[in-house]
>>> print(open('query_15.txt').read())   # compact mmCIF, C-alpha atoms
# COMPACT_ATOMS: atom_id res chain seq x y z
CA MET I 1 -4.60 14.91 -27.65
CA THR I 2 -2.65 12.86 -25.18
CA ASP I 3 0.20 10.78 -26.58
CA HIS I 4 -0.81 7.19 -25.78
CA ARG I 5 2.77 6.42 -24.74
CA TYR I 6 2.37 8.77 -21.77
CA PRO I 7 -0.27 6.82 -19.81
CA LEU I 8 1.37 3.61 -21.08
CA ARG I 9 4.62 4.49 -19.39
CA LEU I 10 2.93 5.53 -16.14
CA GLY I 11 0.98 2.28 -16.31
CA ASP I 12 4.21 0.29 -16.77
CA ASP I 13 5.61 1.84 -13.59
CA ALA I 14 2.50 0.83 -11.64
CA LEU I 15 2.25 -2.63 -13.21
CA ILE I 16 5.84 -3.66 -12.57
CA ALA I 17 5.78 -2.18 -9.06
CA ALA I 18 2.61 -4.21 -8.37
CA GLN I 19 4.13 -7.40 -9.73
CA ARG I 20 7.31 -6.98 -7.67
CA LEU I 21 5.44 -6.09 -4.48
CA SER I 22 3.00 -8.98 -4.78
CA TRP I 23 5.95 -11.33 -4.24
CA TRP I 24 5.48 -10.53 -0.54
CA CYS I 25 2.13 -12.31 -0.38
CA THR I 26 2.59 -15.09 2.22
CA ARG I 27 6.16 -13.89 2.85
CA ALA I 28 5.69 -10.70 4.91
CA PRO I 29 7.00 -10.72 8.48
CA GLN I 30 3.48 -10.83 9.96
CA LEU I 31 0.01 -11.64 8.71
CA GLU I 32 -1.07 -8.03 9.27
CA GLU I 33 1.83 -6.75 7.15
CA ASP I 34 1.05 -9.34 4.51
CA VAL I 35 -2.43 -7.86 4.17
CA ALA I 36 -1.09 -4.30 4.07
CA LEU I 37 1.48 -5.02 1.34
CA ALA I 38 -1.08 -6.95 -0.69
CA ASN I 39 -3.43 -3.95 -0.39
CA VAL I 40 -0.74 -1.68 -1.77
CA ALA I 41 0.05 -4.10 -4.59
CA LEU I 42 -3.64 -4.30 -5.49
CA ASP I 43 -3.90 -0.50 -5.53
CA LEU I 44 -0.94 -0.39 -7.91
CA LEU I 45 -2.42 -3.09 -10.11
CA GLY I 46 -5.70 -1.17 -10.29
CA GLN I 47 -3.79 1.95 -11.32
CA ALA I 48 -1.96 -0.02 -13.99
CA ARG I 49 -5.17 -1.44 -15.41
CA ALA I 50 -6.80 1.98 -15.74
CA LEU I 51 -3.70 3.56 -17.28
CA LEU I 52 -3.07 0.73 -19.76
CA ALA I 53 -6.73 0.70 -20.78
CA HIS I 54 -6.56 4.46 -21.37
CA ALA I 55 -3.36 4.04 -23.38
CA GLY I 56 -5.03 1.35 -25.50
CA ASP I 57 -8.01 3.63 -26.18
CA LEU I 58 -5.77 6.54 -27.16
CA GLU I 59 -3.64 4.36 -29.41
CA GLY I 60 -6.73 3.26 -31.31
CA ALA I 61 -5.21 -0.01 -32.52
CA GLY I 62 -7.57 -2.23 -30.56
CA ARG I 63 -5.05 -3.29 -27.92
CA THR I 64 -6.61 -4.02 -24.53
CA GLU I 65 -5.00 -3.65 -21.11
CA ASP I 66 -4.25 -7.40 -21.20
CA ASP I 67 -2.59 -7.14 -24.62
CA LEU I 68 -0.39 -4.34 -23.32
CA ALA I 69 0.48 -6.08 -20.06
CA PHE I 70 1.01 -9.61 -21.29
CA LEU I 71 1.97 -9.48 -24.96
CA ARG I 72 4.79 -6.95 -25.05
CA GLY I 73 8.45 -7.88 -24.83
CA ASP I 74 10.89 -6.48 -22.30
CA ARG I 75 12.24 -3.78 -24.63
CA GLU I 76 8.72 -2.39 -25.03
CA PHE I 77 8.27 -1.65 -21.33
CA GLY I 78 9.07 1.90 -20.28
CA ASN I 79 9.03 1.53 -16.50
CA ALA I 80 11.81 3.02 -14.43
CA GLN I 81 14.36 0.47 -13.30
CA LEU I 82 13.64 1.28 -9.65
CA VAL I 83 10.34 -0.62 -9.63
CA GLU I 84 11.73 -3.80 -11.21
CA LEU I 85 14.65 -4.25 -8.80
CA PRO I 86 14.38 -7.34 -6.60
CA GLU I 87 13.61 -6.73 -2.94
CA ALA I 88 16.37 -8.44 -1.02
CA ASP I 89 14.60 -8.03 2.32
CA PHE I 90 11.68 -6.22 3.93
CA ALA I 91 13.75 -3.04 4.30
CA HIS I 92 14.21 -2.94 0.51
CA ALA I 93 10.46 -3.18 0.02
CA VAL I 94 9.93 -0.34 2.50
CA ALA I 95 12.61 1.91 0.99
CA LYS I 96 11.29 1.34 -2.53
CA LEU I 97 7.75 2.09 -1.45
CA LEU I 98 8.92 5.28 0.25
CA PHE I 99 10.82 6.50 -2.83
CA PHE I 100 8.34 5.38 -5.47
CA GLY I 101 5.21 6.13 -3.43
CA THR I 102 6.29 9.68 -2.69
CA TYR I 103 7.01 10.22 -6.39
CA GLN I 104 3.60 8.78 -7.28
CA GLU I 105 1.72 10.87 -4.73
CA LEU I 106 3.21 14.09 -6.10
CA LEU I 107 2.66 12.94 -9.69
CA HIS I 108 -0.96 11.95 -9.14
CA THR I 109 -1.75 15.15 -7.29
CA ALA I 110 -0.34 17.16 -10.21
CA LEU I 111 -2.11 14.96 -12.78
CA ALA I 112 -5.46 15.73 -11.14
CA SER I 113 -5.40 19.17 -12.77
CA CYS I 114 -4.02 18.18 -16.19
CA ALA I 115 -5.79 18.74 -19.50
CA ASP I 116 -6.62 15.09 -20.20
CA PRO I 117 -9.95 14.53 -18.39
CA VAL I 118 -9.38 10.79 -17.97
CA LEU I 119 -5.90 11.26 -16.55
CA ALA I 120 -7.15 14.07 -14.32
CA ALA I 121 -9.88 11.84 -12.86
CA LEU I 122 -7.45 8.96 -12.38
CA GLY I 123 -4.90 11.28 -10.76
CA GLY I 124 -7.45 12.42 -8.21
CA LYS I 125 -8.37 8.83 -7.37
CA PHE I 126 -4.81 7.53 -7.25
CA ALA I 127 -3.49 10.40 -5.12
CA LYS I 128 -5.46 9.11 -2.13
CA GLU I 129 -4.10 5.61 -2.60
CA SER I 130 -0.55 6.90 -2.92
CA ALA I 131 -0.89 8.92 0.26
CA TYR I 132 -1.66 5.70 2.12
CA HIS I 133 1.32 3.94 0.53
CA VAL I 134 3.61 6.78 1.58
CA ASP I 135 2.24 6.72 5.10
CA HIS I 136 2.83 3.00 5.39
CA ALA I 137 6.38 3.24 4.05
CA THR I 138 7.12 6.22 6.28
CA GLN I 139 5.95 4.41 9.42
CA TRP I 140 8.21 1.46 8.64
CA THR I 141 11.19 3.59 7.64
CA LEU I 142 11.01 5.33 11.02
CA ARG I 143 10.71 2.07 12.95
CA LEU I 144 13.41 0.18 11.11
CA GLY I 145 15.80 3.13 10.83
CA ASP I 146 15.38 4.20 14.44
CA GLY I 147 15.04 0.61 15.69
CA THR I 148 17.63 -2.01 16.55
CA SER I 149 21.18 -1.94 15.20
CA GLU I 150 20.26 -4.80 12.85
CA SER I 151 17.11 -3.09 11.53
CA ARG I 152 18.98 0.17 11.11
CA ARG I 153 21.79 -1.52 9.18
CA ARG I 154 19.33 -3.22 6.85
CA MET I 155 17.29 -0.05 6.31
CA GLN I 156 20.41 1.97 5.53
CA ASP I 157 21.62 -0.76 3.14
CA ALA I 158 18.29 -0.64 1.31
CA VAL I 159 18.33 3.16 1.08
CA ASP I 160 21.91 3.10 -0.23
CA ALA I 161 21.14 0.38 -2.79
CA LEU I 162 17.97 1.98 -4.19
CA TRP I 163 18.82 5.68 -3.98
CA PRO I 164 20.79 5.86 -7.28
CA TYR I 165 17.76 4.47 -9.12
CA THR I 166 15.51 7.30 -7.92
CA HIS I 167 17.25 9.74 -10.27
CA GLU I 168 15.66 8.09 -13.28
CA LEU I 169 12.18 9.02 -12.00
CA PHE I 170 12.97 12.71 -12.47
CA ALA I 171 15.31 12.56 -15.46
CA GLU I 172 14.66 14.65 -18.54
CA ASP I 173 12.78 12.84 -21.29
CA PRO I 174 11.12 13.97 -24.54
CA LEU I 175 7.82 12.28 -23.62
CA TRP I 176 7.61 14.17 -20.31
CA THR I 177 8.55 17.44 -21.97
CA ALA I 178 5.90 17.08 -24.65
CA ALA I 179 3.18 16.05 -22.18
CA ALA I 180 3.97 18.97 -19.89
CA ALA I 181 4.09 21.39 -22.83
CA ASP I 182 0.54 20.70 -24.01
CA GLY I 183 -0.82 20.20 -20.48
CA THR I 184 -1.74 16.53 -20.90
CA GLY I 185 0.87 15.40 -18.40
CA VAL I 186 3.46 16.35 -15.83
CA ASP I 187 7.19 16.92 -16.09
CA PRO I 188 8.51 14.93 -13.11
CA ALA I 189 11.48 17.28 -12.80
CA ALA I 190 9.00 19.76 -11.31
CA LEU I 191 8.21 17.25 -8.55
CA LEU I 192 11.81 16.75 -7.48
CA PRO I 193 12.09 19.59 -4.89
CA ASP I 194 9.02 18.38 -2.95
CA TRP I 195 10.14 14.76 -3.25
CA THR I 196 13.60 15.55 -1.95
CA ARG I 197 12.21 17.62 0.92
CA TYR I 198 9.86 14.88 2.11
CA VAL I 199 12.20 11.91 1.69
CA THR I 200 15.11 13.77 3.28
CA ALA I 201 12.97 14.65 6.29
CA VAL I 202 11.83 11.04 6.76
CA LEU I 203 15.38 9.70 6.48
CA ALA I 204 16.58 12.26 9.01
CA ARG I 205 13.82 11.38 11.49
CA ALA I 206 14.70 7.72 11.00
CA THR I 207 18.36 8.54 11.84
CA LEU I 208 19.37 7.35 8.37
CA VAL I 209 22.00 8.92 6.15
CA ARG I 210 20.89 10.31 2.82
CA PRO I 211 23.25 8.86 0.21
CA GLU I 212 25.55 11.08 -1.80
CA GLY I 213 27.25 10.15 -5.04
CA ASP I 214 26.49 10.82 -8.66
CA TRP I 215 25.94 7.36 -10.13
CA ARG I 216 22.70 7.65 -12.07
CA PRO I 217 21.69 4.36 -13.63
CA GLY I 218 18.92 4.67 -16.18
CA GLY I 219 17.57 3.39 -19.46
CA GLY I 220 14.26 1.94 -18.30
CA ARG I 221 12.35 4.70 -20.08
CA ARG I 222 14.01 3.55 -23.35
CA GLY I 223 13.26 -0.12 -22.73
CA LEU I 224 16.66 -1.00 -21.30
CA HIS I 225 16.16 -3.01 -18.14
CA THR I 226 18.14 -4.75 -15.42
CA GLU I 227 18.95 -8.42 -15.27
CA ALA I 228 16.07 -9.04 -12.88
CA PHE I 229 13.44 -7.77 -15.33
CA GLY I 230 13.34 -10.77 -17.69
CA PRO I 231 12.39 -13.34 -15.02
CA LEU I 232 9.82 -10.93 -13.54
CA LEU I 233 8.18 -10.45 -16.93
CA ALA I 234 8.31 -14.17 -17.73
CA GLU I 235 6.48 -15.03 -14.52
CA MET I 236 3.92 -12.26 -15.02
CA GLN I 237 3.18 -13.23 -18.63
CA ALA I 238 3.52 -17.02 -18.57
CA LEU I 239 -0.12 -17.85 -17.94
CA HIS I 240 -1.51 -15.47 -20.53
CA ARG I 241 0.99 -16.58 -23.16
CA ALA I 242 0.33 -20.28 -22.50
CA HIS I 243 -3.44 -19.84 -22.43
CA PRO I 244 -4.32 -16.73 -24.47
CA GLY I 245 -7.57 -15.19 -23.34
CA ALA I 246 -7.89 -17.47 -20.29
CA ARG I 247 -10.44 -16.21 -17.78
CA TRP I 248 -11.10 -17.04 -14.14
CA MET B 1 12.39 -30.71 24.27
CA ASN B 2 12.76 -27.70 22.05
CA SER B 3 15.62 -25.65 23.43
CA THR B 4 15.09 -22.55 21.30
CA ALA B 5 12.46 -20.13 22.51
CA PRO B 6 10.11 -18.80 19.82
CA ALA B 7 10.90 -15.30 18.61
CA PRO B 8 9.02 -12.65 20.59
CA ASP B 9 5.83 -11.76 18.79
CA TRP B 10 4.29 -8.37 18.32
CA PRO B 11 1.80 -7.55 21.08
CA LEU B 12 -1.89 -8.23 20.63
CA TRP B 13 -4.39 -5.40 20.23
CA GLU B 14 -8.18 -5.44 20.49
CA VAL B 15 -10.01 -3.49 17.79
CA PHE B 16 -13.24 -1.55 18.29
CA VAL B 17 -15.18 -0.15 15.35
CA ARG B 18 -18.01 2.37 15.40
CA ALA B 19 -20.19 1.60 12.41
CA ARG B 20 -21.84 5.00 12.26
CA ARG B 21 -22.37 8.10 14.31
CA GLY B 22 -24.58 7.62 17.32
CA LEU B 23 -23.66 3.97 17.82
CA ALA B 24 -21.16 2.68 20.35
CA HIS B 25 -17.81 1.22 19.35
CA LEU B 26 -18.18 -2.55 19.08
CA HIS B 27 -15.45 -5.13 19.43
CA ALA B 28 -14.51 -6.26 15.92
CA GLY B 29 -11.54 -8.56 16.53
CA SER B 30 -7.87 -8.47 17.36
CA LEU B 31 -4.55 -8.13 15.59
CA HIS B 32 -0.81 -7.92 16.12
CA ALA B 33 1.20 -4.72 15.77
CA PRO B 34 4.47 -3.37 17.17
CA ASP B 35 2.86 -0.22 18.59
CA ALA B 36 -0.39 1.76 18.72
CA ALA B 37 0.19 3.76 15.53
CA MET B 38 0.79 0.63 13.49
CA ALA B 39 -2.09 -1.14 15.24
CA LEU B 40 -4.45 1.60 14.04
CA ARG B 41 -3.14 1.28 10.50
CA ASN B 42 -3.43 -2.49 10.55
CA ALA B 43 -6.95 -2.17 11.94
CA ARG B 44 -7.85 0.10 9.05
CA ASP B 45 -6.63 -2.53 6.61
CA LEU B 46 -8.25 -5.48 8.33
CA TYR B 47 -11.55 -4.09 9.58
CA THR B 48 -12.60 -0.93 7.72
CA ARG B 49 -11.55 -1.37 4.09
CA ARG B 50 -15.12 -1.71 2.92
CA SER B 51 -16.50 1.34 4.72
CA GLU B 52 -17.51 -0.55 7.83
CA GLY B 53 -16.71 2.25 10.23
CA VAL B 54 -16.43 5.95 10.98
CA SER B 55 -14.16 5.52 13.99
CA LEU B 56 -11.56 3.03 15.20
CA TRP B 57 -10.11 2.28 18.61
CA VAL B 58 -7.25 -0.06 19.39
CA VAL B 59 -6.59 -1.18 22.95
CA PRO B 60 -3.66 -3.29 24.18
CA ALA B 61 -5.14 -6.72 24.82
CA GLU B 62 -3.26 -6.87 28.11
CA ALA B 63 -5.25 -3.83 29.28
CA VAL B 64 -8.49 -5.81 29.05
CA PHE B 65 -9.40 -7.60 32.29
CA ALA B 66 -11.92 -10.43 32.47
CA PHE B 67 -13.18 -13.00 34.94
CA ASP B 68 -11.58 -16.41 34.96
CA PRO B 69 -13.78 -18.62 32.75
CA ASP B 70 -13.96 -21.21 35.58
CA GLU B 71 -15.73 -18.66 37.76
CA HIS B 72 -18.30 -17.68 35.18
CA GLY B 73 -20.96 -19.88 36.75
CA ALA B 74 -20.90 -18.19 40.12
CA LEU B 75 -20.42 -14.70 38.83
CA LEU B 76 -22.41 -14.37 35.64
CA ASP B 77 -25.23 -16.92 35.54
CA PRO B 78 -28.64 -15.31 36.13
CA ALA B 79 -30.22 -16.12 39.46
CA ALA B 80 -33.37 -17.70 38.08
CA ASP B 81 -34.97 -18.15 41.50
CA LYS B 82 -34.84 -14.44 42.28
CA ASP B 83 -37.71 -13.46 40.09
CA TYR B 84 -38.09 -10.13 41.86
CA ARG B 85 -35.06 -9.04 39.80
CA LEU B 86 -36.99 -9.56 36.61
CA PRO B 87 -39.63 -7.06 35.51
CA GLY B 88 -42.23 -9.76 34.96
CA HIS B 89 -44.92 -8.67 37.43
CA PHE B 90 -45.96 -5.40 35.92
CA GLU B 91 -49.16 -5.17 33.96
CA LEU B 92 -49.06 -2.90 30.95
CA PRO B 93 -51.71 -0.15 31.16
CA GLU B 94 -54.12 -0.05 28.27
CA GLY B 95 -53.15 2.22 25.41
CA VAL B 96 -49.49 2.70 26.30
CA ARG B 97 -47.65 2.25 23.03
CA HIS B 98 -44.06 3.19 23.75
CA LEU B 99 -43.20 1.19 26.87
>>> encode(input="query_15.txt", output="structure tokens")
Amino acid sequence: MTDHRYPLRLGDDALIAAQRLSWWCTRAPQLEEDVALANVALDLLGQARALLAHAGDLEGAGRTEDDLAFLRGDREFGNAQLVELPEADFAHAVAKLLFFGTYQELLHTALASCADPVLAALGGKFAKESAYHVDHATQWTLRLGDGTSESRRRMQDAVDALWPYTHELFAEDPLWTAAAADGTGVDPAALLPDWTRYVTAVLARATLVRPEGDWRPGGGRRGLHTEAFGPLLAEMQALHRAHPGARW
Amino acid sequence: MNSTAPAPDWPLWEVFVRARRGLAHLHAGSLHAPDAAMALRNARDLYTRRSEGVSLWVVPAEAVFAFDPDEHGALLDPAADKDYRLPGHFELPEGVRHL
């Protein structure tokens, strides 16, 4: 039996990534890119909905996807800090999508053969979406990194700023260990070699420098979040909290 | 007078979509993209998200040549007085069903 906190945490990653990325609606550098980023954000939101609904079913306490998304406090969210970080410019959005999307593609591909039939079906569906996200991020990383001196500087800044937060995606955690042990989930540590290989190759092709250093911020999995998380959550939850059960 | 020139825009691309096998690619619209690879990806997002096509072409808009609209009258209007160009004088034989 799958621990309901497992899909809940994966859903939190997708939900907060979707909320952060949707900020770009009407703000992307071109209309075409606006549509592309909104597509990615909608994919992520769809993933979050399915995962939170599954978590609610497994929990058996009658909580719906909306209850889980809109009525939990910040300490109850288990998303990695990477996805909640503000995106200072377009390069930050691209770097985050490259790092997080590559992690998600490997995760979803592995989930497709896990022992939880719902998660396995979702993994198969999401893997295709993630592959598109990775492709989009890769194309932009190459163009910005191997572009003008200004675009290269910004892309390198974004990679440097976000890189330390990627460690948390693969960090050891009791929930991952338990899910991997009974086959209902994936230990992300097993994904790290493929992730590193792909991301390193893209950065190299983009003439970017892969950051070194051993600063490993973390805590998101335990509900400890960055300063930017509170305002993000407040904006995401305001409507539902002011008008419980409101429908379009 | 505005002394600052607008920032250079991405080039324009024309998008052609083939709805299904056996049909020709049809012009679907246009979009902006920095290069052909991104133009194809943008075209996928803008024109084929709902399974509208099995194949996509993008062509630089500057590679498409057309007559000057002012000359359309002389060049493109049908010559209505030259009725020998129109197949209106043939009588259909009895019993021919597939002409």
>>> closest_residue(input="query_15.txt", among="I:Met155, I:Ala53, I:Val83, I:Leu10", to="Ala41 of chain I", atoms="only C-alpha atoms")
I:Val83
>>> interface_residues(input="query_15.txt", of="chain I", to="chain B", cutoff="8 Å", atoms="all atoms listed in the file", output="NGL selection string")
:I and (32-33 or 35-36 or 39 or 139)
>>> residues_around(input="query_15.txt", residues="Ala189 of chain I", least_positions_apart="5", cutoff="12 Å", atoms="all atoms listed in the file", output="PyMOL selection string")
chain I and resi 103+106-107+166-173+176-177+180+194-196
>>> write_last_selection(input="query_15.txt", atoms="C-alpha atoms", output="PDB file, in the coordinates of the input")
ATOM      1  CA  TYR I 103       7.010  10.220  -6.390  1.00  0.00           C
ATOM      2  CA  LEU I 106       3.210  14.090  -6.100  1.00  0.00           C
ATOM      3  CA  LEU I 107       2.660  12.940  -9.690  1.00  0.00           C
ATOM      4  CA  THR I 166      15.510   7.300  -7.920  1.00  0.00           C
ATOM      5  CA  HIS I 167      17.250   9.740 -10.270  1.00  0.00           C
ATOM      6  CA  GLU I 168      15.660   8.090 -13.280  1.00  0.00           C
ATOM      7  CA  LEU I 169      12.180   9.020 -12.000  1.00  0.00           C
ATOM      8  CA  PHE I 170      12.970  12.710 -12.470  1.00  0.00           C
ATOM      9  CA  ALA I 171      15.310  12.560 -15.460  1.00  0.00           C
ATOM     10  CA  GLU I 172      14.660  14.650 -18.540  1.00  0.00           C
ATOM     11  CA  ASP I 173      12.780  12.840 -21.290  1.00  0.00           C
ATOM     12  CA  TRP I 176       7.610  14.170 -20.310  1.00  0.00           C
ATOM     13  CA  THR I 177       8.550  17.440 -21.970  1.00  0.00           C
ATOM     14  CA  ALA I 180       3.970  18.970 -19.890  1.00  0.00           C
ATOM     15  CA  ASP I 194       9.020  18.380  -2.950  1.00  0.00           C
ATOM     16  CA  TRP I 195      10.140  14.760  -3.250  1.00  0.00           C
ATOM     17  CA  THR I 196      13.600  15.550  -1.950  1.00  0.00           C
TER      18      THR I 196
END
>>> residues_near_point(input="query_15.txt", point="(-8.9, 5.9, -24.2)", cutoff="12 Å", atoms="all atoms listed in the file", output="list in words")
Met1, Thr2, Asp3, His4, Arg5, Tyr6, Pro7, Leu8, Ala50, Leu51, Leu52, Ala53, His54, Ala55, Gly56, Asp57, Leu58, Glu59, Gly60, Ala61, Gly62, Arg63, Thr64, Glu65, Asp116, Pro117, Val118 and Leu119 of chain I
>>> closest_residue(input="query_15.txt", among="I:Ala28, I:Ala190, I:Ala121, I:Ala161", to="Arg216 of chain I", atoms="only C-alpha atoms")
I:Ala161
>>> atom_distance(input="query_15.txt", atom1="atom CA of Glu87 of chain I", atom2="atom CA of Pro217 of chain I")
17.4 Å
>>> atom_distance(input="query_15.txt", atom1="atom CA of Ala48 of chain I", atom2="atom CA of Gly124 of chain I")
14.8 Å
>>> residues_around(input="query_15.txt", residues="Val64 of chain B", least_positions_apart="5", cutoff="10 Å", atoms="only C-alpha atoms", output="JSON, numbers by chain")
{"B": [13, 14, 59]}
>>> atom_distance(input="query_15.txt", atom1="atom CA of Leu31 of chain I", atom2="atom CA of Glu52 of chain B")
20.8 Å
>>> residues_near_point(input="query_15.txt", point="(13.8, -0.7, -14.2)", cutoff="12 Å", atoms="all atoms listed in the file", output="number ranges by chain")
I: 9, 12-17, 20, 74-75, 77-86, 100, 162, 164-169, 217-230, 232-233
>>> closest_residue(input="query_15.txt", among="I:Ser130, I:Gln104, I:Gln47, I:Thr138", to="Val199 of chain I", atoms="only C-alpha atoms")
I:Thr138
